[in-house]
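What follows is a short report on a single structure.
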Amino acid sequence: MKPEAHETPPVLRVENAGKVFRDFWRRPRIRAVQDLSFEVRPGEVFGLLGPNGSGKSTTLKMIVGLLRPTEGRLHVLGAPPTDVSRKARIGYLPEDSYLYPYLTCEETLDFFGSLFRLPRAERRARTAQLLDMIGLRHARRRPVGEFSKGMARRIGLAQALINDPDLIILDEPTSGLDPLGCRQVKDLILTLARRGKAVLLSSHLLADIEDVCDRIAILFNGRLQAIGSIRDLLEERDRPRVTLPAVTPEQLRAILAALKAQLGREPELDYPRRNLERFFLETVARAMNQDTEPSGAAPSEGVAPYLDGPPHA
Amino acid sequence: MRKVWAIAKLTLRGAMRSRVAPLLFGLLVAVIVGLPLTIRGDGTLSGEVQILVRYTLGLAMLILSLAALWAGCASVSLEWQSKKLQLVATKPLHPFELWLGKWLGLVLLNAVLLAVAGSVTAALLRWRLREPLADPARRGELLADILVARRPLAPEPVDVDAAALARLEQARGLGRLPPDVSPGAAFEAFRQALRTEAFSVAPGGARSWRYPQPGPLDPGHPLSLRFRFSCSTPGPVRVAGAWVVRRGDADVRVDTNAVATTPHVLHVPLRDLPQEGALTVEYRNTDSEAVTVLFSPDDGLETLARAGSFGPNYARGLLLLFGQLALLAALGITAGSLFSMPVAAFVSGFVLLMIQMAGDLASLTARPITLVSHHGDALIGPRAAVFFQWVFRLLGSVASPLQVPDALGRLTTGILVSWAETGRVLLTHGLIYPILLAGLAAWIMRRREMALAG
Ligand SMILES: Nc1ncnc2c1ncn2[C@@H]1O[C@H](COP(=O)(O)OP(=O)(O)OP(=O)(O)O)[C@@H](O)[C@H]1O
Ligand SMILES: [Mg+2]
């Protein structure tokens with residue numbers, strides 16, 4: 001976690017927000033979110049966690065102005081969520097990528113770019129960079145209606161970033177993505193945060209959250225159950241772990257003996273495994289060097305240069 | 001504007017790639033080329049021209065109208081239902097811009113399709129009038145009477161109210177008014193009788209119509225008299241008569257021997273008449289039999305002066321139709337922004353019906369609305385009656401600016417569609433009402449939670 005994060009004013013402040021869905025006769029039907037408060041600051045990655053139907057998407061929709069809170073208040077970039085001008089600085093990836101199926105990949109990004117009044121040359125440049133980043137350059141002339149779920153998700157992610165937003169709201173960004181895509185998205189999120197962007201994401205993939213988030217909130221039935229920095233919440237201070245460089249069996253035996261003498265009992269010994277993610281990534285990387293013409297997503301060319309410029313003031 | 005244009009482009013792409021636009025295009029061309037082949041006219045050249053312009057272009061216009069309304073309704077409501085608007089709504093786009101973009105897209109599409117329909121029709125018309133296909137004499141007639149733009153002259157109004165009132169008083173004084181006839185009804189009956197009298201010509205008599213301000217009359221082109229009469233001898237008999245057109249101290253006389261009940265056109269040369277002053281058209285009943293000639297008070301005689309050629313008139317007619325399509329698209333989009341799909345289509349259809357009925361509404365609002373059962377009891381109280389009168393008056397005043405001249409009817413009878421009328425329709429249908437509708441839609445959309453299902 002960045003030390004300066006606490007000094008800058010929050011990009012997003014949610015104060016005691018609640019949402020009750022009503023039926024046609026305005027009778028309260030579902031209490032989707034209750035008394036929820038949190039803040040997200042520039043450069044911070046904030047994760048919303050919770051089981052299905054716990055109110056994650058509802059919270060994000062209130063923040064982007066698609067739903068109105070029935071209680072409490074939200075301040076997005078210093079204004080209420082319905083303020084049209086602030087939307088120029090927000091990027092939103094909805095839970096499903098609601099794209100126009102008849103537009104091609106390139107046209108989709110160009111269309112969303114025009115909604116931000118980006119000049120044509122800028123739209124072109126960003127579209128090309130984003131397509132390289134999401135690995136869909138070879139599919140840029142294909143209508144997105146025929147894309148696979150993960151490919152559509154990648155386009156959805158790209159459209160959320162076309163305006164180089166300061167507040168990025170991602171509803172389950174890794175859902176439908178292959179492990180490679182997941183890794184890229186996570187790297188992207190970290191790059192964006194490093195540049196001072198605030199990222200708010202929801203997921204129920206705990207590993208993803210753990211990899212990228214500085215702070216998290218856990219929701220259940222629309223209520224906040226826990227909130228704090230990942231380190232504070234997860235660290236078990238009474239069980240330290242020591243990592244050794246490569247040692248000979250004799251050295252290891254000597255170290256264990258010394259430890260036993262010190263602690264008064266036998267310490268646990270195990271060997272770290274490569275995790276499956278790393279193994280998968282290495283295997284695919286090897287295969288990619290042999291195959292030439294991809295039909296799905298191609299390897300990413302890295303974060304789009306315009307997103308990876310010098311950090312914001 | 002970049003945002004509006006982006007939405008417009010999106011709408012056009014959607015129409016093209018969902019194959020709606022190509023389908024409409026094909027349908028229009030098929031209708032315009034196919035319909036004249038399947039409808040059997042009266043065999044005359046002018047009959048064919050009428051079919052081509054009125055029915056073929058009319059059907060094309062009907063298709064385009066339905067498409068404009070339907071596409072308008074669908075363009076917002078379906079995108080809303082399929083949640084595509086959810087993503088668009090998180091962008092810095094005002095609902096007004098969204099509306100405008102959708103409308104611009106549909107209007108452009110309609111403009112292109114209408115232009116195609118108009119040009120195909122014009123090309124067919126041209127082809128049909130080529131020398132080897134058309135008899136030159138018939139062709140000349142057609143060019144003089146149908147493929148031309150003529151301005152109807154406004155006659156001095158016939159005021160029969162005073163006379164009708166006098167007759168009513170007289171009948172009352174003599175005690176000859178039946179007790180079960182209301183004075184209002186009796187007055188109306190006298191008025192009708194007097195109006196009929198004012199358009200009848202007794203044997204050996206004459207009747208004249210005065211045009212105090214005929215406007216500029218081109219001496220190089222004849223004045224057209226379109227007339228139709230019935231006579232006291234039943235059936236299609238020939239009646240001898242003479243038309244005399246007078247201006248200043250000169251006149252032109254044309255003798256006729258016309259058949260009753262069928263429409264006639266007479267061309268009276270204006271060469272020898274002075275350029276100034278009021279114009280008088282007189283009919284003299286010179287038949288040797290003692291028949292009375294009756295012109296219908298409403299459309300028995302029309303005096304038409306040439307005001308231009310057919311081409312520009314046709315273009316103005318198409319512009320008039322275009323204005324109507326622009327309004328339909330606007331109505332559809334607003335309905336689609338307020339309601340989900342079938343409801344939107346139903347509502348906009350209903351509104352359209354109200355606009356069509358605006359004339360009737362206006363006449364209803366003259367007095368408080370009364371609903372009477374067949375026993376004669378009033379079904380609604382006087383307050384309700386006044387309330388409904390105001391409701392109808394309001395609806396009438398919203399809808400009456402939307403009354404449009406019948407462009408196709410005029411084009412097939414060689415009547416001028418003036419620039420003033422065209423401009424007015426483009427202003428109301430293509431600008432003012434769409435902006436009002438856009439404002440309404442934007443106002444509601446801003447208050448709506450986009451993520452809620454329809
Ligand atoms: N438009 C709506 N109308 C009525 N109820 C809704 C609506 N949207 C969401 N809800 C309800 O609100 C609750 C929270 O839903 P939400 O979509 O926020 O959950 P979530 O945490 O995003 O779940 P998931 O992990 O499945 O995406 C659910 O009970 C859901 O049924
Ligand atoms: Mg969700």
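Residues in the structure tokens are named by chain (A, B, ... in the order shown) and by number from 1 within that chain; ligands are numbered from 1 in the order shown.
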
Can you tell me which residues come within 8 Å of ligand 2 when counting only C-alpha atoms and all ligand atoms, ideally as a PyMOL selection string? chain A and resi 52-53+55-58+95+171-172+202

Which residues of chain A sit at most 10 Å from ligand 1, using only C-alpha atoms and all ligand atoms? Give each one's shortest atom pair and distance in Å (one decimal place), in chain and ascending residue order, as CSV.
residue,atom,partner,partner_atom_place_in_ligand_line,distance
A:Lys19,CA,ligand 1,12 (O),8.4
A:Val20,CA,ligand 1,5 (N),8.2
A:Phe21,CA,ligand 1,4 (C),5.1
A:Arg22,CA,ligand 1,4 (C),7.1
A:Asp23,CA,ligand 1,4 (C),7.8
A:Pro28,CA,ligand 1,4 (C),9.9
A:Arg29,CA,ligand 1,4 (C),7.6
A:Ile30,CA,ligand 1,5 (N),6.0
A:Arg31,CA,ligand 1,12 (O),6.9
A:Ala32,CA,ligand 1,12 (O),4.2
A:Val33,CA,ligand 1,14 (C),7.2
A:Leu48,CA,ligand 1,21 (O),8.7
A:Leu49,CA,ligand 1,21 (O),7.9
A:Gly50,CA,ligand 1,21 (O),6.1
A:Pro51,CA,ligand 1,25 (O),5.6
A:Asn52,CA,ligand 1,25 (O),3.4
A:Gly53,CA,ligand 1,19 (O),3.3
A:Ser54,CA,ligand 1,21 (O),3.8
A:Gly55,CA,ligand 1,18 (O),3.1
A:Lys56,CA,ligand 1,21 (O),3.7
A:Ser57,CA,ligand 1,22 (O),3.6
A:Thr58,CA,ligand 1,18 (O),3.6
A:Thr59,CA,ligand 1,18 (O),6.4
A:Leu60,CA,ligand 1,18 (O),8.0
A:Lys61,CA,ligand 1,18 (O),8.3
A:Met62,CA,ligand 1,18 (O),9.9
A:Leu67,CA,ligand 1,1 (N),8.7
A:Glu95,CA,ligand 1,27 (O),7.0
A:Asp96,CA,ligand 1,27 (O),9.7
A:Asp171,CA,ligand 1,22 (O),7.9
A:Glu172,CA,ligand 1,27 (O),7.7
A:Ser202,CA,ligand 1,22 (O),7.9
A:Ser203,CA,ligand 1,25 (O),7.1
A:His204,CA,ligand 1,25 (O),6.7
A:Leu219,CA,ligand 1,21 (O),7.8
A:Phe220,CA,ligand 1,21 (O),8.3
A:Asn221,CA,ligand 1,14 (C),7.6
A:Gly222,CA,ligand 1,14 (C),6.9

File dump, residues just selected, N, CA, C and O atoms, as a short mmCIF file (atom, residue, chain, number, x, y, z; two decimals), in the first residue's frame:
data_model
loop_
_atom_site.label_atom_id
_atom_site.label_comp_id
_atom_site.auth_asym_id
_atom_site.auth_seq_id
_atom_site.Cartn_x
_atom_site.Cartn_y
_atom_site.Cartn_z
N LYS A 19 -29.74 0.49 -0.97
CA LYS A 19 -30.60 0.41 -2.14
C LYS A 19 -31.69 -0.61 -1.89
O LYS A 19 -31.44 -1.77 -1.56
N VAL A 20 -32.91 -0.14 -2.02
CA VAL A 20 -34.06 -1.03 -1.91
C VAL A 20 -34.70 -1.09 -3.29
O VAL A 20 -35.02 -0.05 -3.86
N PHE A 21 -34.83 -2.28 -3.83
CA PHE A 21 -35.57 -2.41 -5.10
C PHE A 21 -37.05 -2.52 -4.78
O PHE A 21 -37.44 -3.29 -3.90
N ARG A 22 -37.85 -1.75 -5.52
CA ARG A 22 -39.28 -1.78 -5.27
C ARG A 22 -39.99 -2.44 -6.44
O ARG A 22 -39.46 -2.48 -7.54
N ASP A 23 -41.18 -2.91 -6.19
CA ASP A 23 -41.93 -3.50 -7.29
C ASP A 23 -42.76 -2.41 -7.96
O ASP A 23 -42.64 -1.23 -7.65
N PRO A 28 -41.48 -2.04 -1.17
CA PRO A 28 -40.11 -2.53 -1.11
C PRO A 28 -40.09 -4.04 -1.30
O PRO A 28 -40.91 -4.76 -0.75
N ARG A 29 -39.15 -4.51 -2.15
CA ARG A 29 -39.13 -5.93 -2.46
C ARG A 29 -37.81 -6.55 -2.00
O ARG A 29 -37.80 -7.53 -1.28
N ILE A 30 -36.70 -5.92 -2.45
CA ILE A 30 -35.40 -6.49 -2.11
C ILE A 30 -34.49 -5.40 -1.56
O ILE A 30 -34.39 -4.33 -2.15
N ARG A 31 -33.89 -5.69 -0.43
CA ARG A 31 -32.93 -4.77 0.15
C ARG A 31 -31.55 -5.24 -0.32
O ARG A 31 -30.97 -6.13 0.27
N ALA A 32 -31.05 -4.67 -1.40
CA ALA A 32 -29.84 -5.20 -2.04
C ALA A 32 -28.58 -4.69 -1.35
O ALA A 32 -27.59 -5.41 -1.30
N VAL A 33 -28.61 -3.46 -0.84
CA VAL A 33 -27.43 -2.89 -0.17
C VAL A 33 -27.93 -2.14 1.06
O VAL A 33 -28.97 -1.48 1.00
N LEU A 48 -14.29 -5.36 -3.98
CA LEU A 48 -15.54 -5.72 -3.31
C LEU A 48 -15.70 -7.21 -3.46
O LEU A 48 -15.70 -7.73 -4.58
N LEU A 49 -15.84 -7.89 -2.35
CA LEU A 49 -15.94 -9.34 -2.37
C LEU A 49 -17.28 -9.74 -1.81
O LEU A 49 -17.82 -9.06 -0.94
N GLY A 50 -17.77 -10.88 -2.25
CA GLY A 50 -19.01 -11.35 -1.66
C GLY A 50 -19.61 -12.43 -2.50
O GLY A 50 -19.31 -12.54 -3.69
N PRO A 51 -20.46 -13.27 -1.91
CA PRO A 51 -21.10 -14.32 -2.68
C PRO A 51 -22.10 -13.75 -3.68
O PRO A 51 -22.36 -12.55 -3.69
N ASN A 52 -22.65 -14.60 -4.53
CA ASN A 52 -23.63 -14.15 -5.52
C ASN A 52 -24.80 -13.46 -4.84
O ASN A 52 -25.28 -13.91 -3.81
N GLY A 53 -25.22 -12.36 -5.43
CA GLY A 53 -26.39 -11.65 -4.92
C GLY A 53 -26.12 -10.87 -3.65
O GLY A 53 -27.05 -10.48 -2.95
N SER A 54 -24.85 -10.61 -3.35
CA SER A 54 -24.57 -9.91 -2.10
C SER A 54 -24.61 -8.39 -2.28
O SER A 54 -24.46 -7.66 -1.31
N GLY A 55 -24.79 -7.90 -3.51
CA GLY A 55 -24.96 -6.46 -3.71
C GLY A 55 -23.75 -5.77 -4.32
O GLY A 55 -23.67 -4.55 -4.34
N LYS A 56 -22.80 -6.54 -4.85
CA LYS A 56 -21.60 -5.93 -5.44
C LYS A 56 -21.96 -5.11 -6.67
O LYS A 56 -21.64 -3.92 -6.77
N SER A 57 -22.63 -5.75 -7.62
CA SER A 57 -22.98 -5.05 -8.86
C SER A 57 -23.88 -3.87 -8.57
O SER A 57 -23.77 -2.80 -9.18
N THR A 58 -24.82 -4.05 -7.64
CA THR A 58 -25.72 -2.96 -7.30
C THR A 58 -24.94 -1.75 -6.80
O THR A 58 -25.20 -0.62 -7.19
N THR A 59 -23.93 -2.01 -5.96
CA THR A 59 -23.11 -0.91 -5.44
C THR A 59 -22.41 -0.19 -6.59
O THR A 59 -22.43 1.04 -6.69
N LEU A 60 -21.80 -0.97 -7.48
CA LEU A 60 -21.07 -0.36 -8.59
C LEU A 60 -22.01 0.44 -9.49
O LEU A 60 -21.68 1.52 -9.97
N LYS A 61 -23.22 -0.08 -9.70
CA LYS A 61 -24.18 0.64 -10.56
C LYS A 61 -24.63 1.94 -9.92
O LYS A 61 -24.90 2.91 -10.62
N MET A 62 -24.71 1.95 -8.59
CA MET A 62 -25.07 3.21 -7.94
C MET A 62 -23.94 4.22 -8.16
O MET A 62 -24.18 5.41 -8.36
N LEU A 67 -28.11 3.35 -11.07
CA LEU A 67 -29.16 3.17 -10.06
C LEU A 67 -29.04 4.33 -9.09
O LEU A 67 -27.94 4.86 -8.89
N GLU A 95 -21.13 -5.92 -15.64
CA GLU A 95 -21.01 -7.35 -15.33
C GLU A 95 -21.04 -8.19 -16.60
O GLU A 95 -20.35 -9.19 -16.71
N ASP A 96 -21.89 -7.76 -17.59
CA ASP A 96 -21.88 -8.39 -18.89
C ASP A 96 -21.43 -7.32 -19.87
O ASP A 96 -21.79 -6.17 -19.70
N ASP A 171 -16.59 -4.54 -12.95
CA ASP A 171 -17.46 -5.53 -12.33
C ASP A 171 -17.01 -6.92 -12.80
O ASP A 171 -17.23 -7.27 -13.95
N GLU A 172 -16.36 -7.64 -11.95
CA GLU A 172 -15.80 -8.96 -12.26
C GLU A 172 -14.97 -8.93 -13.54
O GLU A 172 -15.30 -9.58 -14.52
N SER A 202 -14.97 -5.68 -8.44
CA SER A 202 -15.70 -6.69 -7.68
C SER A 202 -15.30 -8.04 -8.24
O SER A 202 -14.95 -8.15 -9.41
N SER A 203 -15.33 -9.02 -7.40
CA SER A 203 -15.00 -10.36 -7.87
C SER A 203 -15.37 -11.34 -6.78
O SER A 203 -15.52 -10.98 -5.62
N HIS A 204 -15.54 -12.63 -7.18
CA HIS A 204 -15.56 -13.63 -6.12
C HIS A 204 -14.39 -14.59 -6.31
O HIS A 204 -14.35 -15.62 -5.70
N LEU A 219 -18.88 -8.15 1.40
CA LEU A 219 -20.31 -7.92 1.54
C LEU A 219 -21.01 -9.25 1.71
O LEU A 219 -20.62 -10.26 1.12
N PHE A 220 -22.07 -9.24 2.52
CA PHE A 220 -22.94 -10.40 2.56
C PHE A 220 -24.35 -9.87 2.76
O PHE A 220 -24.60 -9.07 3.66
N ASN A 221 -25.26 -10.31 1.91
CA ASN A 221 -26.64 -9.83 1.98
C ASN A 221 -26.73 -8.31 1.99
O ASN A 221 -27.55 -7.73 2.70
N GLY A 222 -25.86 -7.67 1.23
CA GLY A 222 -25.92 -6.22 1.13
C GLY A 222 -25.29 -5.48 2.29
O GLY A 222 -25.28 -4.26 2.31
#

Could you list, as a short mmCIF file (atom, residue, chain, number, x, y, z; two decimals) with all heavy atoms, in the first residue's frame, every residue within 9 Å of range 276-279 of chain A, counting only C-alpha atoms and ignoring same-chain residues fewer than 6 positions away?
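Dumped everything to selection30.cif:
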data_model
loop_
_atom_site.label_atom_id
_atom_site.label_comp_id
_atom_site.auth_asym_id
_atom_site.auth_seq_id
_atom_site.Cartn_x
_atom_site.Cartn_y
_atom_site.Cartn_z
N PRO A 179 -6.50 -17.86 -18.12
CA PRO A 179 -5.51 -17.49 -17.10
C PRO A 179 -4.54 -16.42 -17.60
O PRO A 179 -4.16 -15.52 -16.85
CB PRO A 179 -4.77 -18.80 -16.83
CG PRO A 179 -5.74 -19.85 -17.17
CD PRO A 179 -6.57 -19.32 -18.30
N LEU A 180 -4.20 -16.52 -18.88
CA LEU A 180 -3.29 -15.53 -19.45
C LEU A 180 -3.93 -14.15 -19.40
O LEU A 180 -3.33 -13.16 -18.96
CB LEU A 180 -3.01 -15.93 -20.90
CG LEU A 180 -1.87 -15.24 -21.58
CD1 LEU A 180 -0.57 -15.54 -20.86
CD2 LEU A 180 -1.80 -15.71 -23.03
N ARG A 183 -4.05 -12.80 -15.90
CA ARG A 183 -2.76 -12.26 -15.48
C ARG A 183 -2.56 -10.88 -16.08
O ARG A 183 -2.14 -9.93 -15.41
CB ARG A 183 -1.66 -13.23 -15.94
CG ARG A 183 -0.27 -12.92 -15.46
CD ARG A 183 -0.17 -13.08 -13.96
NE ARG A 183 -0.06 -11.78 -13.31
CZ ARG A 183 -0.19 -11.58 -12.01
NH1 ARG A 183 -0.47 -12.60 -11.21
NH2 ARG A 183 -0.07 -10.41 -11.49
#

Residues of chain A near chain B: apply a cut-off of 10 Å, count only C-alpha atoms, and supply the list as a short mmCIF file (atom, residue, chain, number, x, y, z; two decimals) with C-alpha atoms, in the first residue's frame.
data_model
loop_
_atom_site.label_atom_id
_atom_site.label_comp_id
_atom_site.auth_asym_id
_atom_site.auth_seq_id
_atom_site.Cartn_x
_atom_site.Cartn_y
_atom_site.Cartn_z
CA PHE A 21 -35.57 -2.41 -5.10
CA THR A 58 -25.72 -2.96 -7.30
CA LYS A 61 -24.18 0.64 -10.56
CA MET A 62 -25.07 3.21 -7.94
CA ILE A 63 -21.57 4.65 -8.30
CA VAL A 64 -21.81 5.01 -12.08
CA GLY A 65 -25.31 6.48 -11.81
CA LEU A 66 -27.25 3.59 -13.32
CA LEU A 67 -29.16 3.17 -10.06
CA ARG A 68 -30.12 5.78 -7.49
CA PRO A 81 -23.03 10.18 -9.61
CA THR A 82 -25.62 11.61 -12.00
CA ASP A 83 -23.38 14.54 -12.96
CA VAL A 84 -22.81 14.07 -16.70
CA SER A 85 -19.54 15.99 -16.91
CA ARG A 86 -17.80 13.79 -14.31
CA LYS A 87 -18.52 10.73 -16.40
CA ALA A 88 -15.72 11.80 -18.74
CA ARG A 89 -13.25 10.71 -16.05
CA ILE A 90 -14.83 7.35 -15.24
CA GLY A 91 -14.35 4.01 -16.93
CA TYR A 92 -16.89 1.26 -16.31
CA LEU A 93 -16.90 -2.39 -17.22
CA PRO A 94 -20.38 -3.82 -16.56
CA ASP A 96 -21.88 -8.39 -18.89
CA SER A 97 -20.24 -6.65 -21.82
CA TYR A 98 -23.24 -4.89 -23.29
CA LEU A 99 -21.82 -4.23 -26.75
CA TYR A 100 -23.45 -3.55 -30.11
CA PRO A 101 -23.15 -6.91 -31.86
CA TYR A 102 -23.09 -5.44 -35.36
CA LEU A 103 -20.12 -3.17 -34.73
CA GLU A 107 -15.73 0.47 -34.52
CA THR A 108 -16.82 -0.34 -30.98
CA ASP A 110 -14.04 4.22 -31.91
CA PHE A 111 -17.72 4.69 -31.01
CA PHE A 112 -17.09 4.84 -27.29
CA GLY A 113 -14.13 7.12 -27.93
CA SER A 114 -16.37 9.58 -29.75
CA LEU A 115 -18.72 9.70 -26.78
CA PHE A 116 -15.79 11.27 -24.93
CA ARG A 117 -15.30 13.74 -27.78
CA LEU A 118 -11.85 12.40 -28.49
CA PRO A 119 -10.55 13.73 -31.81
CA ARG A 120 -10.36 11.20 -34.60
CA GLY A 156 -15.43 -4.41 -22.67
CA GLN A 159 -13.81 0.46 -23.89
CA ALA A 160 -13.62 1.20 -20.18
CA ASN A 163 -10.85 7.80 -22.07
#

I'd like the neighbourhood of Gly215 in chain B as a VMD selection string, where a residue qualifies if any of its atoms comes within 12 Å (using only C-alpha atoms), though same-chain residues fewer than 6 positions away should be ignored. chain B and resid 151 to 155 275 to 279 304 to 307

Just want the 12 Å neighbourhood of Arg241 in chain A, counted on only C-alpha atoms, with same-chain residues fewer than 4 positions away dropped. Output as a ChimeraX atom specification. /A:235-237,267-270,272

Output C-alpha atoms of each residue in that selection to a file, as a CSV table (one decimal), in the first residue's frame.
chain,number,residue,atom,x,y,z
A,235,GLU,CA,-1.4,-11.4,7.9
A,236,GLU,CA,-1.0,-13.9,10.8
A,237,ARG,CA,1.6,-12.1,12.8
A,267,PRO,CA,9.8,-26.7,13.0
A,268,GLU,CA,7.6,-27.6,10.0
A,269,LEU,CA,9.5,-28.1,6.7
A,270,ASP,CA,7.9,-28.0,3.1
A,272,PRO,CA,7.2,-24.4,-2.3

Write out as a compact mmCIF listing (two decimals) with N, CA and C atoms, in the first residue's frame which residues come within 10 Å of Ser348 in chain B when counting only C-alpha atoms, dropping same-chain ones fewer than 4 positions away.
# COMPACT_ATOMS: atom_id res chain seq x y z
N LEU B 69 -41.77 4.89 -37.78
CA LEU B 69 -42.37 4.83 -36.45
C LEU B 69 -41.83 3.62 -35.68
N TRP B 70 -41.80 2.49 -36.36
CA TRP B 70 -41.36 1.26 -35.71
C TRP B 70 -39.88 1.36 -35.32
N GLY B 72 -38.18 3.99 -34.85
CA GLY B 72 -38.05 4.97 -33.77
C GLY B 72 -38.33 4.33 -32.43
N CYS B 73 -39.46 3.62 -32.34
CA CYS B 73 -39.83 2.95 -31.08
C CYS B 73 -38.74 1.97 -30.68
N LEU B 328 -42.62 11.38 -37.55
CA LEU B 328 -42.92 10.01 -37.13
C LEU B 328 -41.75 9.40 -36.39
N ALA B 330 -39.44 10.98 -34.77
CA ALA B 330 -39.32 11.65 -33.48
C ALA B 330 -40.34 11.09 -32.49
N LEU B 331 -41.56 10.92 -32.97
CA LEU B 331 -42.62 10.39 -32.11
C LEU B 331 -42.24 9.00 -31.62
N GLY B 332 -41.72 8.19 -32.55
CA GLY B 332 -41.33 6.82 -32.20
C GLY B 332 -40.23 6.81 -31.16
N ILE B 333 -39.21 7.64 -31.36
CA ILE B 333 -38.07 7.62 -30.44
C ILE B 333 -38.51 8.04 -29.05
N THR B 334 -39.35 9.08 -28.99
CA THR B 334 -39.81 9.52 -27.67
C THR B 334 -40.66 8.44 -27.01
N ALA B 335 -41.56 7.84 -27.79
CA ALA B 335 -42.38 6.76 -27.22
C ALA B 335 -41.48 5.63 -26.74
N GLY B 336 -40.46 5.32 -27.54
CA GLY B 336 -39.54 4.25 -27.17
C GLY B 336 -38.70 4.59 -25.96
N VAL B 343 -45.66 -1.46 -26.02
CA VAL B 343 -46.41 -0.32 -25.49
C VAL B 343 -46.07 0.95 -26.28
N ALA B 344 -44.78 1.12 -26.57
CA ALA B 344 -44.34 2.31 -27.30
C ALA B 344 -45.01 2.37 -28.67
N LEU B 352 -50.73 9.26 -33.10
CA LEU B 352 -50.88 9.54 -34.53
C LEU B 352 -52.35 9.67 -34.90
N LEU B 353 -53.14 8.77 -34.34
CA LEU B 353 -54.57 8.79 -34.60
C LEU B 353 -55.18 10.10 -34.11
N MET B 354 -54.72 10.55 -32.92
CA MET B 354 -55.21 11.81 -32.38
C MET B 354 -54.87 12.96 -33.31

I'd like the interatomic distance between CA of Arg284 in chain B and CA of Ala193 in chain B, to a tenth of an Å. 21.4 Å

Considering only C-alpha atoms, return as number ranges by chain whatever protein or nucleic-acid residues lie within 8 Å of range 121-131 of chain A, sequence-local ones (same chain, fewer than 3 positions apart) excluded. A: 106, 109-110, 113-114, 118, 134-137, 140, 158, 162, 303-306

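Taking CA of Leu108 in chain B and CA of Thr104 in chain A as the two end points, the separation is 22.0 Å.
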
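Of note, CA of Thr70 in chain A and CA of Gly18 in chain A are spaced 5.7 Å apart.
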
Write out as an NGL selection string all residues of range 11-115 of chain A that backbone DSSP assigns to strand (DSSP E or B). :A and (12-22 or 28-40 or 45-49 or 71-76 or 79 or 90-93 or 104)

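Nearest residue to Ala420 in chain B among B:Gln50, B:Arg316, B:Leu66, B:Phe392 is B:Arg316, counting only C-alpha atoms.
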